[in-house]
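Text of the file target-v6.cif, holding mmCIF, N, CA and C atoms:
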data_coords
loop_
_atom_site.label_atom_id
_atom_site.label_comp_id
_atom_site.auth_asym_id
_atom_site.auth_seq_id
_atom_site.Cartn_x
_atom_site.Cartn_y
_atom_site.Cartn_z
N MET A 616 -8.41 9.27 30.70
CA MET A 616 -8.69 10.13 29.56
C MET A 616 -9.54 9.34 28.56
N PRO A 617 -10.65 9.91 28.09
CA PRO A 617 -11.51 9.19 27.15
C PRO A 617 -10.85 9.03 25.78
N THR A 618 -11.20 7.95 25.12
CA THR A 618 -10.69 7.70 23.77
C THR A 618 -11.43 8.60 22.80
N PRO A 619 -10.71 9.35 21.96
CA PRO A 619 -11.39 10.22 21.00
C PRO A 619 -12.16 9.38 19.98
N SER A 620 -13.26 9.89 19.52
CA SER A 620 -14.03 9.23 18.48
C SER A 620 -14.49 10.28 17.46
N VAL A 621 -14.85 9.80 16.30
CA VAL A 621 -15.30 10.68 15.22
C VAL A 621 -16.65 10.20 14.75
N TYR A 622 -17.60 11.11 14.64
CA TYR A 622 -18.91 10.78 14.10
C TYR A 622 -19.15 11.66 12.89
N MET A 623 -19.52 11.05 11.77
CA MET A 623 -19.84 11.80 10.56
C MET A 623 -21.21 11.33 10.07
N ALA A 624 -22.11 12.25 9.84
CA ALA A 624 -23.44 11.90 9.37
C ALA A 624 -23.46 11.64 7.87
N SER A 625 -22.45 12.10 7.17
CA SER A 625 -22.39 11.92 5.72
C SER A 625 -22.02 10.48 5.38
N PRO A 626 -22.75 9.83 4.46
CA PRO A 626 -22.42 8.45 4.10
C PRO A 626 -21.28 8.34 3.09
N ASP A 627 -20.87 9.45 2.50
CA ASP A 627 -19.88 9.40 1.43
C ASP A 627 -18.75 10.38 1.74
N LEU A 628 -17.83 9.94 2.60
CA LEU A 628 -16.73 10.81 2.97
C LEU A 628 -15.64 10.78 1.90
N PRO A 629 -15.09 11.92 1.55
CA PRO A 629 -14.00 11.95 0.56
C PRO A 629 -12.76 11.24 1.11
N PRO A 630 -11.99 10.59 0.25
CA PRO A 630 -10.78 9.88 0.70
C PRO A 630 -9.82 10.73 1.54
N PRO A 631 -9.59 12.01 1.22
CA PRO A 631 -8.67 12.78 2.08
C PRO A 631 -9.17 12.90 3.53
N VAL A 632 -10.49 12.97 3.72
CA VAL A 632 -11.04 13.05 5.07
C VAL A 632 -10.81 11.73 5.80
N LEU A 633 -11.09 10.61 5.12
CA LEU A 633 -10.86 9.30 5.74
C LEU A 633 -9.39 9.09 6.08
N ARG A 634 -8.49 9.52 5.18
CA ARG A 634 -7.06 9.41 5.46
C ARG A 634 -6.67 10.24 6.68
N GLY A 635 -7.23 11.42 6.77
CA GLY A 635 -6.94 12.28 7.92
C GLY A 635 -7.39 11.66 9.23
N ILE A 636 -8.57 11.07 9.23
CA ILE A 636 -9.07 10.39 10.43
C ILE A 636 -8.18 9.19 10.77
N ALA A 637 -7.81 8.41 9.75
CA ALA A 637 -6.94 7.25 9.97
C ALA A 637 -5.59 7.70 10.51
N ARG A 638 -5.02 8.75 9.95
CA ARG A 638 -3.73 9.27 10.41
C ARG A 638 -3.83 9.70 11.87
N PHE A 639 -4.91 10.40 12.23
CA PHE A 639 -5.14 10.85 13.60
C PHE A 639 -5.22 9.66 14.55
N ALA A 640 -5.79 8.55 14.08
CA ALA A 640 -5.94 7.35 14.91
C ALA A 640 -4.66 6.51 14.97
N GLY A 641 -3.64 6.90 14.20
CA GLY A 641 -2.38 6.16 14.23
C GLY A 641 -2.32 4.99 13.27
N VAL A 642 -3.22 4.95 12.30
CA VAL A 642 -3.23 3.88 11.31
C VAL A 642 -2.08 4.11 10.32
N HIS A 643 -1.40 3.03 9.94
CA HIS A 643 -0.35 3.14 8.93
C HIS A 643 -0.98 3.41 7.57
N LEU A 644 -0.48 4.41 6.85
CA LEU A 644 -0.96 4.74 5.51
C LEU A 644 0.11 4.35 4.50
N TYR A 645 -0.26 3.48 3.58
CA TYR A 645 0.69 3.01 2.57
C TYR A 645 0.99 4.07 1.52
N ASN A 646 -0.01 4.87 1.16
CA ASN A 646 0.24 5.98 0.23
C ASN A 646 -0.84 7.03 0.38
N GLU A 647 -0.68 8.13 -0.34
CA GLU A 647 -1.62 9.25 -0.25
C GLU A 647 -2.53 9.34 -1.47
N ASP A 648 -2.43 8.37 -2.37
CA ASP A 648 -3.21 8.41 -3.61
C ASP A 648 -4.56 7.74 -3.40
N GLU A 649 -5.46 7.97 -4.33
CA GLU A 649 -6.81 7.43 -4.20
C GLU A 649 -6.96 6.13 -4.98
N ASP A 650 -6.04 5.20 -4.74
CA ASP A 650 -6.09 3.89 -5.36
C ASP A 650 -6.76 2.91 -4.40
N VAL A 651 -7.22 1.79 -4.94
CA VAL A 651 -7.74 0.71 -4.11
C VAL A 651 -6.54 -0.11 -3.67
N LEU A 652 -6.38 -0.30 -2.37
CA LEU A 652 -5.19 -0.95 -1.84
C LEU A 652 -5.59 -1.96 -0.78
N TYR A 653 -5.04 -3.16 -0.90
CA TYR A 653 -5.21 -4.21 0.11
C TYR A 653 -3.83 -4.65 0.56
N ALA A 654 -3.66 -4.86 1.86
CA ALA A 654 -2.34 -5.22 2.37
C ALA A 654 -2.44 -6.29 3.45
N THR A 655 -1.47 -7.18 3.42
CA THR A 655 -1.22 -8.14 4.50
C THR A 655 0.23 -7.94 4.89
N PRO A 656 0.74 -8.66 5.89
CA PRO A 656 2.15 -8.48 6.22
C PRO A 656 3.11 -8.79 5.07
N ASP A 657 2.70 -9.65 4.11
CA ASP A 657 3.61 -10.05 3.03
C ASP A 657 3.13 -9.69 1.63
N LEU A 658 1.92 -9.16 1.49
CA LEU A 658 1.38 -8.85 0.17
C LEU A 658 0.81 -7.45 0.14
N LEU A 659 0.97 -6.80 -1.00
CA LEU A 659 0.40 -5.47 -1.23
C LEU A 659 -0.22 -5.48 -2.62
N SER A 660 -1.52 -5.29 -2.68
CA SER A 660 -2.24 -5.27 -3.95
C SER A 660 -2.78 -3.87 -4.18
N VAL A 661 -2.58 -3.38 -5.40
CA VAL A 661 -3.01 -2.02 -5.71
C VAL A 661 -3.74 -2.01 -7.05
N HIS A 662 -4.90 -1.36 -7.07
CA HIS A 662 -5.60 -1.11 -8.34
C HIS A 662 -5.69 0.40 -8.50
N THR A 663 -5.27 0.88 -9.66
CA THR A 663 -5.30 2.31 -9.92
C THR A 663 -6.15 2.60 -11.15
N VAL A 664 -6.87 3.67 -11.11
CA VAL A 664 -7.64 4.12 -12.27
C VAL A 664 -6.79 5.06 -13.11
N SER A 665 -6.12 5.99 -12.46
CA SER A 665 -5.39 7.03 -13.18
C SER A 665 -3.98 6.65 -13.58
N GLY A 666 -3.35 5.72 -12.87
CA GLY A 666 -1.96 5.38 -13.16
C GLY A 666 -1.01 6.49 -12.73
N GLY A 667 0.28 6.29 -13.02
CA GLY A 667 1.29 7.29 -12.68
C GLY A 667 2.28 6.75 -11.67
N ILE A 668 3.18 7.62 -11.24
CA ILE A 668 4.21 7.24 -10.27
C ILE A 668 3.59 7.20 -8.88
N ARG A 669 3.89 6.12 -8.17
CA ARG A 669 3.38 5.95 -6.81
C ARG A 669 4.54 5.63 -5.87
N THR A 670 4.41 6.13 -4.65
CA THR A 670 5.32 5.78 -3.57
C THR A 670 4.52 5.03 -2.52
N PHE A 671 5.00 3.84 -2.17
CA PHE A 671 4.34 3.04 -1.14
C PHE A 671 5.25 2.96 0.08
N ASN A 672 4.69 3.35 1.22
CA ASN A 672 5.41 3.32 2.49
C ASN A 672 4.99 2.06 3.24
N LEU A 673 5.97 1.25 3.58
CA LEU A 673 5.70 -0.01 4.28
C LEU A 673 5.77 0.20 5.78
N PRO A 674 5.02 -0.57 6.55
CA PRO A 674 5.04 -0.37 8.01
C PRO A 674 6.37 -0.77 8.65
N ASN A 675 7.13 -1.66 8.00
CA ASN A 675 8.42 -2.12 8.51
C ASN A 675 9.38 -2.30 7.34
N GLN A 676 10.66 -2.34 7.64
CA GLN A 676 11.64 -2.62 6.59
C GLN A 676 11.46 -4.06 6.13
N VAL A 677 11.49 -4.25 4.80
CA VAL A 677 11.39 -5.59 4.23
C VAL A 677 12.67 -5.92 3.49
N GLU A 678 12.95 -7.21 3.40
CA GLU A 678 14.15 -7.67 2.72
C GLU A 678 14.05 -7.44 1.21
N VAL A 679 12.84 -7.66 0.66
CA VAL A 679 12.67 -7.54 -0.79
C VAL A 679 11.24 -7.13 -1.12
N VAL A 680 11.11 -6.33 -2.19
CA VAL A 680 9.79 -6.06 -2.79
C VAL A 680 9.84 -6.70 -4.17
N TYR A 681 8.90 -7.62 -4.40
CA TYR A 681 8.90 -8.42 -5.62
C TYR A 681 7.57 -8.26 -6.33
N ASP A 682 7.62 -7.89 -7.60
CA ASP A 682 6.42 -7.75 -8.43
C ASP A 682 6.01 -9.15 -8.88
N LEU A 683 4.90 -9.66 -8.36
CA LEU A 683 4.47 -11.02 -8.66
C LEU A 683 3.97 -11.19 -10.09
N TYR A 684 3.41 -10.16 -10.69
CA TYR A 684 2.90 -10.28 -12.06
C TYR A 684 4.03 -10.24 -13.09
N ASN A 685 5.00 -9.36 -12.87
CA ASN A 685 6.11 -9.22 -13.81
C ASN A 685 7.35 -10.02 -13.41
N GLU A 686 7.26 -10.72 -12.28
CA GLU A 686 8.34 -11.57 -11.78
C GLU A 686 9.70 -10.86 -11.75
N GLN A 687 9.73 -9.74 -11.02
CA GLN A 687 10.99 -9.03 -10.89
C GLN A 687 11.10 -8.36 -9.52
N ILE A 688 12.33 -8.30 -9.02
CA ILE A 688 12.60 -7.62 -7.77
C ILE A 688 12.64 -6.12 -8.03
N LEU A 689 11.89 -5.37 -7.23
CA LEU A 689 11.84 -3.92 -7.39
C LEU A 689 12.74 -3.19 -6.41
N ALA A 690 12.94 -3.76 -5.22
CA ALA A 690 13.74 -3.08 -4.20
C ALA A 690 14.19 -4.09 -3.15
N ARG A 691 15.28 -3.74 -2.47
CA ARG A 691 15.81 -4.57 -1.39
C ARG A 691 16.06 -3.71 -0.15
N ASN A 692 15.76 -4.28 0.99
CA ASN A 692 16.02 -3.64 2.30
C ASN A 692 15.47 -2.21 2.34
N VAL A 693 14.15 -2.10 2.19
CA VAL A 693 13.51 -0.79 2.11
C VAL A 693 12.31 -0.69 3.06
N THR A 694 11.95 0.54 3.36
CA THR A 694 10.70 0.81 4.07
C THR A 694 9.71 1.52 3.15
N ALA A 695 10.17 1.87 1.93
CA ALA A 695 9.31 2.51 0.93
C ALA A 695 9.86 2.19 -0.45
N PHE A 696 8.98 2.20 -1.45
CA PHE A 696 9.44 1.98 -2.82
C PHE A 696 8.55 2.74 -3.78
N ASN A 697 9.11 3.06 -4.95
CA ASN A 697 8.41 3.80 -5.99
C ASN A 697 8.20 2.91 -7.20
N VAL A 698 7.04 3.06 -7.84
CA VAL A 698 6.75 2.35 -9.09
C VAL A 698 5.92 3.26 -9.98
N GLU A 699 5.94 2.96 -11.26
CA GLU A 699 5.04 3.66 -12.18
C GLU A 699 3.96 2.67 -12.60
N LEU A 700 2.71 3.03 -12.33
CA LEU A 700 1.58 2.16 -12.63
C LEU A 700 0.86 2.63 -13.89
N SER A 701 0.45 1.69 -14.69
CA SER A 701 -0.34 2.00 -15.89
C SER A 701 -1.75 2.37 -15.48
N PRO A 702 -2.44 3.20 -16.26
CA PRO A 702 -3.84 3.50 -15.95
C PRO A 702 -4.68 2.22 -16.00
N ALA A 703 -5.69 2.17 -15.17
CA ALA A 703 -6.62 1.04 -15.09
C ALA A 703 -5.88 -0.29 -14.95
N SER A 704 -4.97 -0.36 -13.99
CA SER A 704 -4.16 -1.57 -13.81
C SER A 704 -4.22 -2.04 -12.36
N THR A 705 -3.90 -3.32 -12.20
CA THR A 705 -3.83 -3.93 -10.88
C THR A 705 -2.46 -4.58 -10.74
N THR A 706 -1.83 -4.42 -9.59
CA THR A 706 -0.52 -5.01 -9.34
C THR A 706 -0.56 -5.76 -8.01
N LEU A 707 0.37 -6.68 -7.87
CA LEU A 707 0.48 -7.45 -6.63
C LEU A 707 1.96 -7.59 -6.29
N TYR A 708 2.32 -7.14 -5.10
CA TYR A 708 3.71 -7.16 -4.66
C TYR A 708 3.86 -8.06 -3.44
N TYR A 709 4.94 -8.83 -3.44
CA TYR A 709 5.34 -9.60 -2.26
C TYR A 709 6.35 -8.74 -1.51
N THR A 710 6.18 -8.61 -0.21
CA THR A 710 7.09 -7.82 0.62
C THR A 710 7.54 -8.69 1.78
N GLY A 711 8.70 -9.30 1.64
CA GLY A 711 9.15 -10.19 2.69
C GLY A 711 10.57 -10.66 2.48
N LYS A 712 10.80 -11.93 2.78
CA LYS A 712 12.14 -12.53 2.69
C LYS A 712 12.43 -12.99 1.27
N GLU A 713 13.62 -12.65 0.78
CA GLU A 713 14.01 -12.97 -0.59
C GLU A 713 14.04 -14.48 -0.83
N LYS A 714 14.42 -15.25 0.17
CA LYS A 714 14.54 -16.70 -0.02
C LYS A 714 13.19 -17.36 -0.32
N LEU A 715 12.08 -16.69 -0.06
CA LEU A 715 10.75 -17.26 -0.31
C LEU A 715 10.21 -16.97 -1.70
N ILE A 716 10.89 -16.16 -2.48
CA ILE A 716 10.39 -15.79 -3.81
C ILE A 716 10.14 -17.01 -4.68
N ASP A 717 11.04 -17.97 -4.68
CA ASP A 717 10.88 -19.15 -5.53
C ASP A 717 9.61 -19.93 -5.20
N THR A 718 9.16 -19.88 -3.97
CA THR A 718 7.94 -20.58 -3.61
C THR A 718 6.69 -19.87 -4.13
N LEU A 719 6.82 -18.64 -4.57
CA LEU A 719 5.69 -17.85 -5.04
C LEU A 719 5.46 -17.98 -6.53
N LYS A 720 6.40 -18.53 -7.24
CA LYS A 720 6.30 -18.61 -8.71
C LYS A 720 5.43 -19.78 -9.13
#
Represent the structure from my file as structure tokens, please.
Amino acid sequence: MPTPSVYMASPDLPPPVLRGIARFAGVHLYNEDEDVLYATPDLLSVHTVSGGIRTFNLPNQVEVVYDLYNEQILARNVTAFNVELSPASTTLYYTGKEKLIDTLK
């Protein structure tokens, strides 16, 4: 069976279209909002223009979600977490083992 592919002639695809293509391809989506998001297995960085309440879905359960800028634990043993982001703000979260938090400070 051939691998499906998508071709778009438009150079400026709207974020919902890109998310739909990614979802169809089986890519993990951290959230449905139009924020700038970078992720590694242990870090999640988010920049938002509009701010507001956000839900982030993690690809695996993590022991702890730790806000590196505000130095506080936000959640334990979760696959998703909610935060309220200020408009025009950037955040950085550690998502991993709680025992490593002290090494991040």
Could you state which residues are captured by the PyMOL selection byres ((chain A and resi 692) around 7) in this file, as a PDB file with N, CA and C atoms, in the frame of the given file?
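The new file expr-v6.pdb reads:
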ATOM      1  N   GLN A 676      10.660  -2.340   7.640  1.00  0.00           N
ATOM      2  CA  GLN A 676      11.640  -2.620   6.590  1.00  0.00           C
ATOM      3  C   GLN A 676      11.460  -4.060   6.130  1.00  0.00           C
ATOM      4  N   VAL A 677      11.490  -4.250   4.800  1.00  0.00           N
ATOM      5  CA  VAL A 677      11.390  -5.590   4.230  1.00  0.00           C
ATOM      6  C   VAL A 677      12.670  -5.920   3.490  1.00  0.00           C
ATOM      7  N   GLU A 678      12.950  -7.210   3.400  1.00  0.00           N
ATOM      8  CA  GLU A 678      14.150  -7.670   2.720  1.00  0.00           C
ATOM      9  C   GLU A 678      14.050  -7.440   1.210  1.00  0.00           C
ATOM     10  N   VAL A 679      12.840  -7.660   0.660  1.00  0.00           N
ATOM     11  CA  VAL A 679      12.670  -7.540  -0.790  1.00  0.00           C
ATOM     12  C   VAL A 679      11.240  -7.130  -1.120  1.00  0.00           C
ATOM     13  N   VAL A 680      11.110  -6.330  -2.190  1.00  0.00           N
ATOM     14  CA  VAL A 680       9.790  -6.060  -2.790  1.00  0.00           C
ATOM     15  C   VAL A 680       9.840  -6.700  -4.170  1.00  0.00           C
ATOM     16  N   ALA A 690      12.940  -3.760  -5.220  1.00  0.00           N
ATOM     17  CA  ALA A 690      13.740  -3.080  -4.200  1.00  0.00           C
ATOM     18  C   ALA A 690      14.190  -4.090  -3.150  1.00  0.00           C
ATOM     19  N   ARG A 691      15.280  -3.740  -2.470  1.00  0.00           N
ATOM     20  CA  ARG A 691      15.810  -4.570  -1.390  1.00  0.00           C
ATOM     21  C   ARG A 691      16.060  -3.710  -0.150  1.00  0.00           C
ATOM     22  N   VAL A 693      14.150  -2.100   2.190  1.00  0.00           N
ATOM     23  CA  VAL A 693      13.510  -0.790   2.110  1.00  0.00           C
ATOM     24  C   VAL A 693      12.310  -0.690   3.060  1.00  0.00           C
ATOM     25  N   THR A 694      11.950   0.540   3.360  1.00  0.00           N
ATOM     26  CA  THR A 694      10.700   0.810   4.070  1.00  0.00           C
ATOM     27  C   THR A 694       9.710   1.520   3.150  1.00  0.00           C
ATOM     28  N   ALA A 695      10.170   1.870   1.930  1.00  0.00           N
ATOM     29  CA  ALA A 695       9.310   2.510   0.930  1.00  0.00           C
ATOM     30  C   ALA A 695       9.860   2.190  -0.450  1.00  0.00           C
TER      31      ALA A 695
END
Q: Could you give me, as a PyMOL selection string, each residue of chain A that DSSP assigns to helix (DSSP H, G or I) when run on this structure's backbone?
A: chain A and resi 630-639+713-719
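Straight-line separation from atom N of A:Arg669 to atom N of A:Leu628: 24.5 Å.
Checking A:Gln687, A:Val664, A:Ile716, A:Asn675 one by one against A:Pro702, counting only N, CA and C atoms, you find the shortest gap at A:Val664.
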Q: Could you expand the PyMOL selection byres (((chain A and resi 661 and name CA) around 6) and name CA) into the explicit residues it covers here, written as a PyMOL selection string?
A: chain A and resi 651-652+660+662+705-706
Q: Give me every strand (DSSP E) residue in chain A, going by DSSP on the backbone, as a ChimeraX atom specification.
A: /A:651-654,658-663,667-682,687-700,704-711
Dump as a Markdown table the rows for residues of stretch 624-668 of chain A within 8 Å of stretch 698-701 of chain A: closest atom pair and distance in Å with one decimal, all atoms listed in the file counted, ordered by chain and rising residue number.
| residue | atom | partner | partner_atom | distance |
| --- | --- | --- | --- | --- |
| A:Thr663 | C | A:Ser701 | C | 6.2 |
| A:Val664 | C | A:Ser701 | C | 6.2 |
| A:Ser665 | C | A:Ser701 | C | 5.2 |
| A:Gly666 | CA | A:Ser701 | C | 3.8 |
| A:Gly667 | C | A:Leu700 | N | 3.8 |
| A:Ile668 | CA | A:Glu699 | CA | 4.1 |
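Note that atom N of A:Ile688 and atom C of A:Lys720 are 13.4 Å apart.
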Q: List every protein, DNA or RNA residue that has an atom no more than 8 Å from (-2.2, -9.6, -11.7) in the file's coordinate frame, counting only N, CA and C atoms, and report them as a PyMOL selection string.
A: chain A and resi 683-685+704-707
Q: Find the distance between atom CA of A:Asp657 and atom C of A:Lys712 and write it in Å to one decimal.
A: 9.5 Å
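With distances taken over only N, CA and C atoms, A:Leu659 is the one residue among A:Asp650, A:Gly635, A:Pro629, A:Leu659 lying closest to A:Tyr709.
Nearest to A:Pro656 of all the residues A:Leu715, A:Ala640, A:Thr710, A:Pro631 is A:Thr710, based on all atoms listed in the file.
Compared by their closest atoms to A:His643, and using all atoms listed in the file, the residues A:Leu673, A:Leu689, A:Leu658, A:Ala703 rank with A:Leu673 nearest.
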